[in-house]
file structure23.cif (mmCIF, C-alpha atoms)
data_upload
#
loop_
_atom_site.label_atom_id
_atom_site.label_comp_id
_atom_site.auth_asym_id
_atom_site.auth_seq_id
_atom_site.Cartn_x
_atom_site.Cartn_y
_atom_site.Cartn_z
CA MET R 1 73.78 150.50 179.29
CA LYS R 2 75.21 148.67 176.29
CA PHE R 3 73.21 148.86 173.08
CA VAL R 4 74.00 147.69 169.60
CA PHE R 5 73.23 150.58 167.30
CA LEU R 6 70.08 150.34 165.20
CA MET R 7 70.63 151.63 161.69
CA VAL R 8 70.43 150.90 157.98
CA ILE R 9 73.53 150.48 155.85
CA SER R 10 72.45 151.41 152.32
CA ILE R 11 74.35 149.00 150.12
CA MET R 12 73.60 146.55 147.43
CA PHE R 13 70.90 144.29 148.70
CA GLY R 14 69.50 145.49 151.95
CA SER R 15 70.21 146.57 155.46
CA VAL R 16 72.12 145.50 158.50
CA MET R 17 69.62 145.60 161.35
CA LEU R 18 71.20 145.70 164.76
CA SER R 19 69.22 145.11 167.96
CA ALA R 20 69.57 145.99 171.61
CA HIS R 21 72.03 143.93 173.58
CA GLY R 22 73.39 143.77 177.09
CA ASP R 23 72.01 144.89 180.41
CA SER R 24 75.03 146.27 182.32
CA VAL R 25 75.39 150.00 182.99
CA ASP R 26 78.48 151.45 181.37
CA ASP R 27 78.87 155.20 181.01
CA MET R 28 81.36 154.85 178.18
CA HIS R 29 78.92 152.70 176.23
CA ASP R 30 76.12 155.16 176.84
CA SER R 31 78.26 158.04 175.59
CA ALA R 32 79.42 156.11 172.51
CA TYR R 33 75.89 155.03 171.70
CA GLN R 34 74.68 158.62 171.94
CA LEU R 35 77.39 159.66 169.49
CA MET R 36 76.11 157.01 167.07
CA LYS R 37 72.55 158.30 167.41
CA ASN R 38 73.77 161.84 166.75
CA GLY R 39 75.60 160.72 163.60
CA GLU R 40 79.02 161.53 165.05
CA TYR R 41 80.56 158.33 163.78
CA VAL R 42 84.22 159.35 163.88
CA LYS R 43 83.92 160.28 167.57
CA ALA R 44 81.95 157.07 168.17
CA ILE R 45 84.79 155.05 166.63
CA GLU R 46 87.23 156.72 169.00
CA ALA R 47 84.95 155.98 171.97
CA TYR R 48 84.48 152.31 171.10
CA THR R 49 88.20 151.98 170.41
CA THR R 50 88.87 153.21 173.95
CA ILE R 51 86.45 150.62 175.33
CA LEU R 52 88.17 147.87 173.35
CA GLU R 53 91.57 148.99 174.63
CA MET R 54 90.23 148.42 178.12
CA GLU R 55 88.39 145.20 177.32
CA GLU R 56 89.94 143.10 174.55
CA TYR R 57 86.65 141.55 173.45
CA ASP R 58 83.47 143.56 173.83
CA GLU R 59 80.91 142.31 171.33
CA THR R 60 78.72 145.40 171.50
CA ALA R 61 81.67 147.73 170.97
CA LEU R 62 82.90 145.67 168.02
CA LEU R 63 79.50 145.53 166.34
CA ASN R 64 78.82 149.24 166.82
CA ARG R 65 82.30 150.24 165.71
CA ALA R 66 81.88 148.02 162.63
CA VAL R 67 78.72 149.95 161.75
CA ALA R 68 80.47 153.27 162.34
CA PHE R 69 83.43 152.24 160.17
CA ALA R 70 81.07 151.15 157.37
CA THR R 71 79.14 154.41 157.57
CA THR R 72 82.35 156.41 157.20
CA GLY R 73 83.44 154.29 154.23
CA ASP R 74 86.15 152.29 155.98
CA ASP R 75 84.98 148.87 154.80
CA GLU R 76 88.19 147.02 155.63
CA SER R 77 88.08 148.08 159.30
CA SER R 78 84.39 147.26 159.44
CA LEU R 79 85.06 143.76 158.08
CA ASN R 80 87.81 143.26 160.65
CA ASP R 81 85.43 144.07 163.51
CA PHE R 82 82.65 141.84 162.18
CA SER R 83 85.22 139.06 161.72
CA SER R 84 86.46 139.48 165.29
CA VAL R 85 82.91 138.87 166.52
CA LEU R 86 82.58 135.81 164.26
CA ASP R 87 85.85 134.38 165.55
CA LYS R 88 84.18 134.11 168.95
CA ASP R 89 80.62 133.52 167.77
CA PRO R 90 80.53 132.00 164.24
CA GLN R 91 76.72 131.99 164.16
CA ASN R 92 76.23 135.64 165.11
CA LEU R 93 73.64 136.69 162.53
CA THR R 94 74.24 140.41 163.05
CA ALA R 95 77.94 140.07 162.25
CA LEU R 96 77.27 137.68 159.37
CA ASN R 97 74.69 140.04 157.89
CA GLY R 98 76.99 143.02 158.21
CA LYS R 99 79.93 141.20 156.65
CA ALA R 100 77.80 139.89 153.78
CA ALA R 101 76.41 143.36 153.08
CA ILE R 102 79.85 144.95 152.84
CA LEU R 103 81.39 142.15 150.74
CA SER R 104 78.52 142.39 148.26
CA ASN R 105 79.85 145.77 147.10
CA PHE R 106 83.40 144.58 146.51
CA GLU R 107 84.60 143.77 143.00
CA CYS R 108 84.95 140.23 141.69
CA THR R 109 88.28 140.05 139.90
CA SER R 110 88.86 136.29 140.16
CA TYR R 111 87.71 133.12 141.89
CA ASN R 112 90.03 133.86 144.82
CA ASP R 113 89.24 137.58 144.94
CA CYS R 114 85.46 137.87 144.73
CA GLY R 115 83.64 139.75 147.47
CA PRO R 116 80.16 139.03 146.08
CA LEU R 117 80.87 135.29 146.07
CA GLN R 118 82.02 135.48 149.69
CA SER R 119 78.83 137.42 150.48
CA LEU R 120 76.71 134.75 148.78
CA ARG R 121 78.39 131.99 150.78
CA ILE R 122 77.79 133.88 154.02
CA LEU R 123 74.09 134.25 153.17
CA GLU R 124 73.93 130.51 152.52
CA LYS R 125 75.47 129.92 155.94
CA MET R 126 72.86 132.23 157.48
CA LEU R 127 70.09 130.19 155.87
CA GLU R 128 71.60 127.07 157.41
CA ILE R 129 71.32 128.77 160.81
CA ASP R 130 67.88 130.28 160.20
CA PRO R 131 66.26 128.41 157.27
CA ASN R 132 62.85 130.07 157.63
CA ASN R 133 64.15 133.64 157.44
CA GLU R 134 62.47 135.12 154.34
CA GLU R 135 64.66 138.24 154.36
CA ILE R 136 67.86 136.19 154.17
CA LEU R 137 66.32 133.97 151.49
CA GLN R 138 65.47 137.00 149.34
CA LYS R 139 68.98 138.37 149.74
CA ARG R 140 70.50 135.01 148.78
CA ASN R 141 68.30 134.76 145.70
CA PHE R 142 69.08 138.34 144.73
CA MET R 143 72.79 137.59 144.84
CA PHE R 144 72.32 134.59 142.57
CA THR R 145 70.26 136.53 140.04
CA GLU R 146 72.74 139.40 140.02
CA GLY R 147 75.58 136.96 139.60
CA LEU R 148 73.95 135.38 136.57
CA SER R 149 73.01 138.63 134.86
CA SER R 150 74.61 139.70 131.60
CA ASP R 151 76.99 142.21 133.18
CA SER R 152 78.11 140.12 136.17
CA LYS R 153 78.96 136.43 136.46
CA PHE R 154 80.48 136.12 139.90
CA ALA R 155 78.18 133.27 140.87
CA MET R 156 79.63 130.94 138.23
CA PHE R 157 83.22 130.14 137.28
CA ASP R 158 84.90 128.08 134.62
CA VAL R 159 86.11 125.00 136.49
CA ARG R 160 89.58 125.69 135.09
CA ASP R 161 89.65 128.95 137.05
CA THR R 162 88.85 127.36 140.44
CA ASN R 163 92.48 126.36 141.06
CA GLY R 164 91.61 122.68 141.28
CA ASP R 165 88.88 123.18 143.87
CA TYR R 166 86.34 121.75 141.40
CA ILE R 167 86.57 119.16 138.63
CA VAL R 168 83.57 118.33 136.44
CA ASN R 169 83.16 115.65 133.80
CA ILE R 170 79.87 114.97 132.04
CA GLN R 171 79.27 112.34 129.39
CA GLN R 172 76.24 112.06 127.16
CA ILE R 173 75.71 108.60 125.62
CA VAL R 174 73.23 108.07 122.80
CA ARG R 175 71.97 104.68 121.58
CA ASP R 176 69.51 104.00 118.81
CA LYS R 177 66.24 102.08 119.25
CA ASN R 178 68.13 98.81 118.75
CA GLY R 179 70.58 99.61 121.55
CA THR R 180 73.46 100.27 119.17
CA LEU R 181 75.88 102.95 120.35
CA VAL R 182 75.49 106.14 118.33
CA SER R 183 77.74 108.63 120.12
CA VAL R 184 79.62 109.39 123.32
CA ILE R 185 80.44 113.04 123.92
CA GLU R 186 82.02 114.88 126.85
CA ASN R 187 81.72 118.43 128.05
CA ALA R 188 84.01 120.76 126.16
CA GLY R 189 83.77 123.41 128.88
CA THR R 190 81.92 123.76 132.16
CA ASP R 191 80.93 126.58 134.49
CA ILE R 192 80.03 125.82 138.09
CA SER R 193 78.57 127.80 140.97
CA PRO R 194 80.92 127.05 143.89
CA THR R 195 78.19 127.30 146.50
CA LEU R 196 76.36 125.26 149.08
CA LEU R 197 73.28 125.19 146.84
CA THR R 198 75.26 123.28 144.22
CA GLU R 199 76.32 120.70 146.81
CA LYS R 200 72.73 120.28 147.96
CA TYR R 201 71.64 119.83 144.35
CA LEU R 202 74.27 117.13 143.81
CA ASP R 203 73.16 115.34 147.00
CA SER R 204 69.55 115.41 145.80
CA ARG R 205 70.45 113.47 142.63
CA GLU R 206 70.44 110.32 144.76
CA GLU R 207 66.65 110.48 144.71
CA VAL R 208 66.30 110.67 140.91
CA ALA R 209 69.34 108.91 139.44
CA GLU R 210 69.44 105.32 138.25
CA TYR R 211 72.88 105.06 139.86
CA PHE R 212 74.38 107.38 142.48
CA ILE R 213 77.50 107.33 144.63
CA LYS R 214 79.09 109.93 146.90
CA GLU R 215 82.52 109.19 148.32
CA ILE R 216 85.87 110.60 149.34
CA VAL R 217 88.63 110.05 146.78
CA LYS R 218 92.25 111.10 146.54
CA ILE R 219 93.64 112.86 143.47
CA GLY R 220 97.37 113.31 143.83
CA ASP R 221 97.93 114.61 147.34
CA ASP R 222 94.46 116.12 147.70
CA ASP R 223 91.21 114.67 149.03
CA TYR R 224 88.00 115.35 147.13
CA ILE R 225 84.31 114.75 147.65
CA LYS R 226 83.13 112.93 144.54
CA TRP R 227 79.54 112.84 143.28
CA HIS R 228 78.81 110.34 140.50
CA TYR R 229 75.33 109.81 139.13
CA GLU R 230 73.71 108.45 135.98
CA ILE R 231 70.38 109.57 134.60
CA ILE R 232 68.57 108.06 131.61
CA MET R 233 66.77 110.85 129.82
CA SER R 234 63.44 110.25 128.11
CA ASP R 235 63.53 108.60 124.70
CA SER R 236 62.74 110.91 121.83
CA GLU R 237 59.41 109.78 120.41
CA LYS R 238 58.19 112.72 118.34
CA GLU R 239 61.11 114.65 116.88
CA ARG R 240 64.84 114.90 116.58
CA ILE R 241 66.43 116.83 119.47
CA PHE R 242 69.60 118.90 119.24
CA PHE R 243 71.97 119.10 122.21
CA GLY R 244 74.81 121.56 122.65
CA THR R 245 74.42 122.74 126.24
CA ASN R 246 73.52 120.93 129.43
CA LYS R 247 72.25 122.84 132.46
CA SER R 248 71.85 121.65 136.04
CA GLN R 249 69.33 123.93 137.72
CA GLU R 250 67.66 124.21 141.10
CA THR R 251 64.22 125.68 141.71
CA VAL R 252 64.10 127.74 144.90
CA PRO R 253 61.39 129.76 146.70
CA ASP R 254 61.30 133.43 145.76
CA GLY R 255 58.76 134.98 148.11
CA GLU R 256 55.09 135.61 147.42
CA ASN R 257 53.10 137.78 145.02
CA ASN R 258 49.44 138.46 145.78
CA GLY R 259 49.37 135.50 148.12
CA ARG R 260 50.91 133.12 145.59
CA LYS R 261 54.27 131.49 146.27
CA MET R 262 56.88 132.40 143.68
CA PHE R 263 59.82 130.30 142.53
CA MET R 264 62.93 130.89 140.46
CA LYS R 265 65.43 128.67 138.64
CA ILE R 266 69.12 129.05 139.35
CA ASP R 267 71.84 127.67 137.06
CA LEU R 268 74.39 125.67 139.05
CA ILE R 269 76.36 123.73 136.42
CA VAL R 270 76.40 124.70 132.75
CA ALA R 271 78.28 122.37 130.41
CA LEU R 272 78.98 122.93 126.71
CA PHE R 273 78.99 119.93 124.38
CA PRO R 274 79.93 119.31 120.76
CA ALA R 275 76.74 119.33 118.73
CA VAL R 276 74.78 116.06 118.77
CA ASN R 277 71.35 115.06 117.42
CA VAL R 278 69.21 112.55 119.26
CA ASP R 279 66.87 110.98 116.72
CA VAL R 280 63.40 109.59 117.19
CA GLY R 281 63.59 106.38 119.22
CA ASP R 282 67.11 106.99 120.53
CA SER R 283 67.89 106.66 124.23
CA ASN R 284 70.01 109.26 125.94
CA MET R 285 72.03 108.72 129.15
CA LYS R 286 73.90 111.42 131.05
CA ILE R 287 76.76 110.49 133.39
CA THR R 288 77.93 113.27 135.70
CA GLU R 289 80.98 113.36 137.95
CA VAL R 290 81.76 116.37 140.13
CA PHE R 291 84.76 116.63 142.44
CA LYS R 292 85.18 119.21 145.20
CA LYS R 293 88.47 119.57 147.05
CA ILE R 294 88.12 119.14 150.80
#

call {"tool": "encode", "arguments": {"input": "structure23.cif", "output": "structure tokens"}}
result
Amino acid sequence: MKFVFLMVISIMFGSVMLSAHGDSVDDMHDSAYQLMKNGEYVKAIEAYTTILEMEEYDETALLNRAVAFATTGDDESSLNDFSSVLDKDPQNLTALNGKAAILSNFECTSYNDCGPLQSLRILEKMLEIDPNNEEILQKRNFMFTEGLSSDSKFAMFDVRDTNGDYIVNIQQIVRDKNGTLVSVIENAGTDISPTLLTEKYLDSREEVAEYFIKEIVKIGDDDYIKWHYEIIMSDSEKERIFFGTNKSQETVPDGENNGRKMFMKIDLIVALFPAVNVDVGDSNMKITEVFKKI
């Protein structure tokens, strides 16, 4: 009988839990599965490879061999097997979970070579498939918090390093109490989290902005999704306010503690500005434009 091996892969943020699958009797599968249970992973790899030579696509063999490869430290081969399953079944949560777990341990050397970012995006996809899964939610949040820690910033990138995938322009316009223009400043540098959560945040601005538009635009030969929104910030009535950084944040669920629901804030867009003071009675408008290459 075919079974997907049940085990724990001890890597960065959790485990890959694999469940029973299939109901046909297959002696080769039984033997391979027994090897997995006995911890004889190299022999199990050989057994599942033989099965796959006989049957080009056997989901159980691919998933179990992926686990065996990961256990022996052959992450690349494990990723290949998980990817083969996802080619046929893009919403296979077992394969997605396994691939995300392995990628989370890879280094992040650049925007285009960042295993943890790929892992984070996979976890976001899993939440799209299973939005009420608390385990996936916790893993996703963990990846964000790790990415924003002092020793690792894979979850955010300078827009100039995204190879044109993202363009961000933010203006802050200040007028005095008489409506006279005081200053117009633009972001001097911006970091963005190139994730689905950022896109959802941008979509949600339609509910709070004085003016909002989302459209497809062409820049050169490339098509982009463009978000444009304008928000009038509260007038300063009590004291002068200094601005030098602008953060776009999302508050997300973060489990429970003693029966109380917990939440956390995640930075999605962080823009640096030249220093500006907003005086008492001034009005302050922020205009944001974000482009994402399609």

call {"tool": "resolve_selection", "arguments": {"input": "structure23.cif", "expression": "the PyMOL selection byres ((chain R and resi 97) around 12)", "output": "PyMOL selection string"}}
result
chain R and resi 8-9+11+13-18+63+66-67+79+82-83+85-86+90-96+98-104+118-127+135-136+139-140

call {"tool": "resolve_selection", "arguments": {"input": "structure23.cif", "expression": "the PyMOL selection byres ((chain R and resi 254) around 12)", "output": "CSV table (one decimal) with C-alpha atoms, keeping the file's coordinate frame"}}
result
chain,number,residue,atom,x,y,z
R,134,GLU,CA,62.5,135.1,154.3
R,135,GLU,CA,64.7,138.2,154.4
R,136,ILE,CA,67.9,136.2,154.2
R,137,LEU,CA,66.3,134.0,151.5
R,138,GLN,CA,65.5,137.0,149.3
R,139,LYS,CA,69.0,138.4,149.7
R,140,ARG,CA,70.5,135.0,148.8
R,141,ASN,CA,68.3,134.8,145.7
R,142,PHE,CA,69.1,138.3,144.7
R,144,PHE,CA,72.3,134.6,142.6
R,145,THR,CA,70.3,136.5,140.0
R,251,THR,CA,64.2,125.7,141.7
R,252,VAL,CA,64.1,127.7,144.9
R,253,PRO,CA,61.4,129.8,146.7
R,255,GLY,CA,58.8,135.0,148.1
R,256,GLU,CA,55.1,135.6,147.4
R,257,ASN,CA,53.1,137.8,145.0
R,260,ARG,CA,50.9,133.1,145.6
R,261,LYS,CA,54.3,131.5,146.3
R,262,MET,CA,56.9,132.4,143.7
R,263,PHE,CA,59.8,130.3,142.5
R,264,MET,CA,62.9,130.9,140.5
R,265,LYS,CA,65.4,128.7,138.6
R,266,ILE,CA,69.1,129.0,139.4

call {"tool": "closest_residue", "arguments": {"input": "structure23.cif", "among": "R:Arg240, R:Arg175, R:Lys214, R:Arg205", "to": "Asn284 in chain R", "atoms": "only C-alpha atoms"}}
result
R:Arg175

call {"tool": "resolve_selection", "arguments": {"input": "structure23.cif", "expression": "the PyMOL selection byres ((chain R and resi 187-203) around 6)", "output": "list in words"}}
result
Ala155, Met156, Phe157, Asp158, Val159, Ile170, Glu186, Ser204, Arg205, Leu268, Ile269, Val270, Ala271, Leu272 and Phe273 of chain R

call {"tool": "atom_distance", "arguments": {"input": "structure23.cif", "atom1": "CA of Asp176 in chain R", "atom2": "CA of Ile231 in chain R"}}
result
16.8 Å

call {"tool": "closest_residue", "arguments": {"input": "structure23.cif", "among": "R:Glu230, R:Glu215, R:Asp165, R:Glu206", "to": "Lys293 in chain R", "atoms": "all atoms listed in the file"}}
result
R:Asp165

call {"tool": "residues_near_point", "arguments": {"input": "structure23.cif", "point": "(82.0, 153.6, 163.9)", "cutoff": "6 Å", "atoms": "only C-alpha atoms", "output": "JSON, numbers by chain"}}
result
{"R": [41, 44, 45, 65, 66, 67, 68, 69]}

call {"tool": "closest_residue", "arguments": {"input": "structure23.cif", "among": "R:Asp81, R:Asp130, R:Leu62, R:Asp161", "to": "Thr109 in chain R", "atoms": "all atoms listed in the file"}}
result
R:Asp161

call {"tool": "closest_residue", "arguments": {"input": "structure23.cif", "among": "R:Ser77, R:Ser248, R:Thr60, R:Ser110", "to": "Thr288 in chain R", "atoms": "all atoms listed in the file"}}
result
R:Ser248

call {"tool": "closest_residue", "arguments": {"input": "structure23.cif", "among": "R:Pro274, R:Gly39, R:Gly281, R:Gly115", "to": "Ser183 in chain R", "atoms": "all atoms listed in the file"}}
result
R:Pro274

call {"tool": "closest_residue", "arguments": {"input": "structure23.cif", "among": "R:Met54, R:Glu40, R:Lys292, R:Gly73", "to": "Lys218 in chain R", "atoms": "only C-alpha atoms"}}
result
R:Lys292

call {"tool": "atom_distance", "arguments": {"input": "structure23.cif", "atom1": "CA of Ile185 in chain R", "atom2": "CA of Ile219 in chain R"}}
result
23.6 Å

call {"tool": "atom_distance", "arguments": {"input": "structure23.cif", "atom1": "CA of Glu107 in chain R", "atom2": "CA of Met143 in chain R"}}
result
13.5 Å

call {"tool": "axis_aligned_box", "arguments": {"input": "structure23.cif", "around": "range 268-271 of chain R", "padding_each_side": "6 Å", "output": "lines of an AutoDock Vina configuration file"}}
result
center_x = 76.3
center_y = 124.0
center_z = 134.7
size_x = 15.9
size_y = 15.3
size_z = 20.6
